[in-house]
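Scroll down for the structure; my scribbles are underneath it.
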Amino acid sequence: MKPGKRKGAKLYIFIFCGLVLALGIFLLFNAIFFDVFKGVSFSQTYLDRRGKLLNIFLTDGDKYRLRLNLGDFPPELIEAVLLQEDRYFYGHWGINPGAMFRAGWETYIKKSRRMGASTITMQLARLRFGLYTRNIPGKIAQTFCALFLEICLSKQEILEAYLNLAPSGGNIEGFAAAAWYYFDKDPKDLSRGEILTLAVIPQNPAKRAPLRGAVPEELLLARRILYEAWVLQHPEDILLDTEMNLPPFLADRFPRRALHFTEYLNTGPLPPANRYRTTIDLHLQDICERELESYLVRNRGWGIKNGSILLIDHTSMEVLAAVGSADYYDDEIEGQVNGTASKRSPGSTLKPFIYALALDQGLIHPEKMLKDTPVGFSEYTPDNFQSVFKGPVKAWYALVDSRNIPAVQLAREIHDPDLYDYLKAAGVRDLREKDHYGLSVVLGSADLTMLELAALYAALPNGGVQKPLRFLLNNDGGALTPGPRLLSSAAAAITLKMLERNPAPDDVRAGVNRPVPVAYKTGTSIGFKDAWSIAVFDRYVLCVWIGNFSGEGNSAFIGRQSAAPLQFSIIDALLAGIPAADILPPRPLPPEASIVEVCAVSGDISGVDCPQLVETFFIPGVSPINRCRIHRPVYVDTRTGYRSYETEGPHIRREVREFWPTDLLEIFAQAGLPRFSPPPYPPESSLSQGIASGFPPSIISPLSNTTYILRNSSNRFNQMVLLAAADQDAGELFWFANSQFLGRAKPHERFVWVPDPGLWDLSVVDSLGRSSGIRVKVEFQDE
């Protein structure tokens, strides 16, 4: 060979060797880094806490695929698939030459019938690389791709990939998705007959898949053939022979449970995964759904057609049940709206946190007397339900009876934090600025979701500490990271004790002997658009909402009348299924709280003249320690029946009488409730001789720290009404503006004043020298 030709041959050999080396490096690289699932999307799947499928979502390619590890498939299913598809899987390198020769001879030489020879590796190659294999070039490409997969992957990896990608009819791929669709079961729970049914579908899914409830003859025939091969290796399954002659019992649909809950998770930030085990307990979910359905059937005549329910375990903060609407598929009620995550007016359900803050700030204790009388505030004039006022009420009663005036008064007095600050600290989202709500936030002007309300209420049994809700099971058993402390443990515990005094909504429910106390609060939004009831009992926080997603009001949407009965039905159903040994022990009172005796009437620290005492929860060093001013001694001249300034003498008798502010006396009079009031002094006596104890005057009108704009040229609209309540023994009230005397009036009698523009310090003094004052600003404008 000439030298030039030898050089050319060496060059070709060098190039060939380089190509072979490059190919080897390429194959080695892919063998190390090749990911058979790269670019393959899997369905987002959500399971309940016990592994039962709740819901599955389509992939980006509109497929249903569930990703499982090889060890999650039952060994019987793997054996059946190998027996059906590739009996020599572990004995070849991706292709079966004998089978290929027979298939080629029958299909292309004899042309007697079309015969397949694809191994599982070859089928995976077709599925993974999207090959068309119904002609010779396609088969050649499939063969080389199968060899490539055998180089890159182990047999276990190939088998796992095939089990996850095998076509199973329609847009269902993989045996895991097929098991849930056809039999509503996890693959590990499949019976032997169900396994054999699934194993024959991928070979010809178009003709064998039992979609839409129809069981093809082709499926039954293929399953019979596989069973006969199976029973040769497993003679113990001979009893399945009769079952093989019957069509399988099919679900033919994926489970669609807790749809609102799973959709909420699917659109939110979750850790990267395709398979999530949620905190939902399907047994408890079923109870909530059943009780809601039954309740709506009984009350449909009242126009009650929809509701939402949320149940959480406050010890772990796990969401155990979530019912977003009465019927997800009912367009009439806008059933696809998620009531647990929608912002709604909470009505009076925020009042417990006003009282809890007031407890923490030393304004009240449960037996403290509060005023439920008509009153206005600078930016808000609240009213009670049906415009009924009850005069003096205990703090615990004002809370459970949802009295608006005491709640707004307390909301005005609490600060750093007030209720708005509390909601912000608790993580309530999308709140507007504080001034937008003012005091109306007390009665539900700030919208919250049911999830946010549940988290707020869970802080009460958790000692005032806010904790985040949990939607997914914490498989590592790690402790839940607590959030901020919103209340003292004492205030949280006492608030729960107050709510536990709230009676059940009707006599039947009230008569039920429940093994645990139920602390609950109801709420009704303005316009009767939302009815709420939220309860804390045992380890649970239960939220119930009744209403219309459209915002249409209904006079039946009253929390105590519509939401609370449903809530207690659920509570009784839940408690009936809890063994006595699993009931949580009673919550002990924290060491920061104690029990003391106070006056049964005023709720203040009792004096020597208080006839009856009651126990109340108390936070030492924080709770108010005012002495009772209702019960006071008076001295009566038995000859005349008048009060006397003398304290001793043969005709002087000491008695204990009740002294009430005049605004409360007016409420008593309207209600026809006589009080054991003191007798008057003789007409000729001077009131200045009295002792200046008791209640100082309380200015009702005008409002403190308020700017009043009057009309400059109108005799009617340039006047200001002065009104004050006073102690029962106050004869007259004297009004002053910037220390100038304006005039006198009886307690609770209106005095008309025509002011000049400017800043005014108004004060009122009663006949015994007790006084109070406010500051107002007056401006004028032209008509």
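Convention: chains lettered A, B, ... in structure tokens order; per-chain residue numbering from 1; ligands numbered from 1 as shown.
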Selection: 12 Å around Pro591 of chain A, only C-alpha atoms, excl. self and same-chain fewer than 6 positions, as JSON, numbers by chain: {"A": [463, 488, 489, 490, 491, 493, 494, 617, 618, 619, 620]}
Nearest-residue call for Glu85 of chain A, choices A:Ile526, A:Val601, A:Ala178, A:Ala199, using only C-alpha atoms: A:Ala199
Polymer residues at most 10 Å from Lys63 of chain A, only C-alpha atoms, same-chain spacing of 5 or more positions, as a ChimeraX atom specification: /A:41-43,57-58,170-173,177
Of the listed residues A:Ile225, A:Ile354, A:Met720, A:Ala730, that which approaches Glu779 of chain A most closely, counting only C-alpha atoms: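 Under the stated criterion, the closest residue is A:Met720.
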Contacts between segment 256-266 of chain A and segment 276-320 of chain A, please, where a residue of segment 276-320 of chain A counts if it comes within 10 Å (with only C-alpha atoms); show its shortest atom pair and distance in Å to one decimal, rows by chain and ascending number, as CSV.
```
residue,atom,partner,partner_atom,distance
A:Tyr276,CA,A:Leu265,CA,9.7
A:Thr278,CA,A:Thr262,CA,8.9
A:Ile280,CA,A:Ala258,CA,8.4
A:Leu282,CA,A:Arg257,CA,8.5
A:Gln285,CA,A:Ala258,CA,7.9
A:Asp286,CA,A:Arg257,CA,9.6
A:Glu289,CA,A:Ala258,CA,9.7
A:Val319,CA,A:Phe261,CA,9.6
```
Per-residue DSSP, segment 331-400 of chain A, filtered to strand (DSSP E), as a ChimeraX atom specification: /A:369-372,391-394
Just the selected residues (C-alpha atoms), exported as an mmCIF file, in the first residue's frame, please.
```
data_model
loop_
_atom_site.group_PDB
_atom_site.id
_atom_site.type_symbol
_atom_site.label_atom_id
_atom_site.label_comp_id
_atom_site.auth_asym_id
_atom_site.auth_seq_id
_atom_site.Cartn_x
_atom_site.Cartn_y
_atom_site.Cartn_z
ATOM 1 C CA MET A 369 -70.990 44.973 85.523
ATOM 2 C CA LEU A 370 -71.177 46.654 82.109
ATOM 3 C CA LYS A 371 -73.762 49.080 80.778
ATOM 4 C CA ASP A 372 -76.079 48.048 77.967
ATOM 5 C CA GLY A 391 -79.250 47.900 81.370
ATOM 6 C CA PRO A 392 -76.566 46.499 83.698
ATOM 7 C CA VAL A 393 -75.197 43.169 82.489
ATOM 8 C CA LYS A 394 -72.325 40.990 83.639
#
```
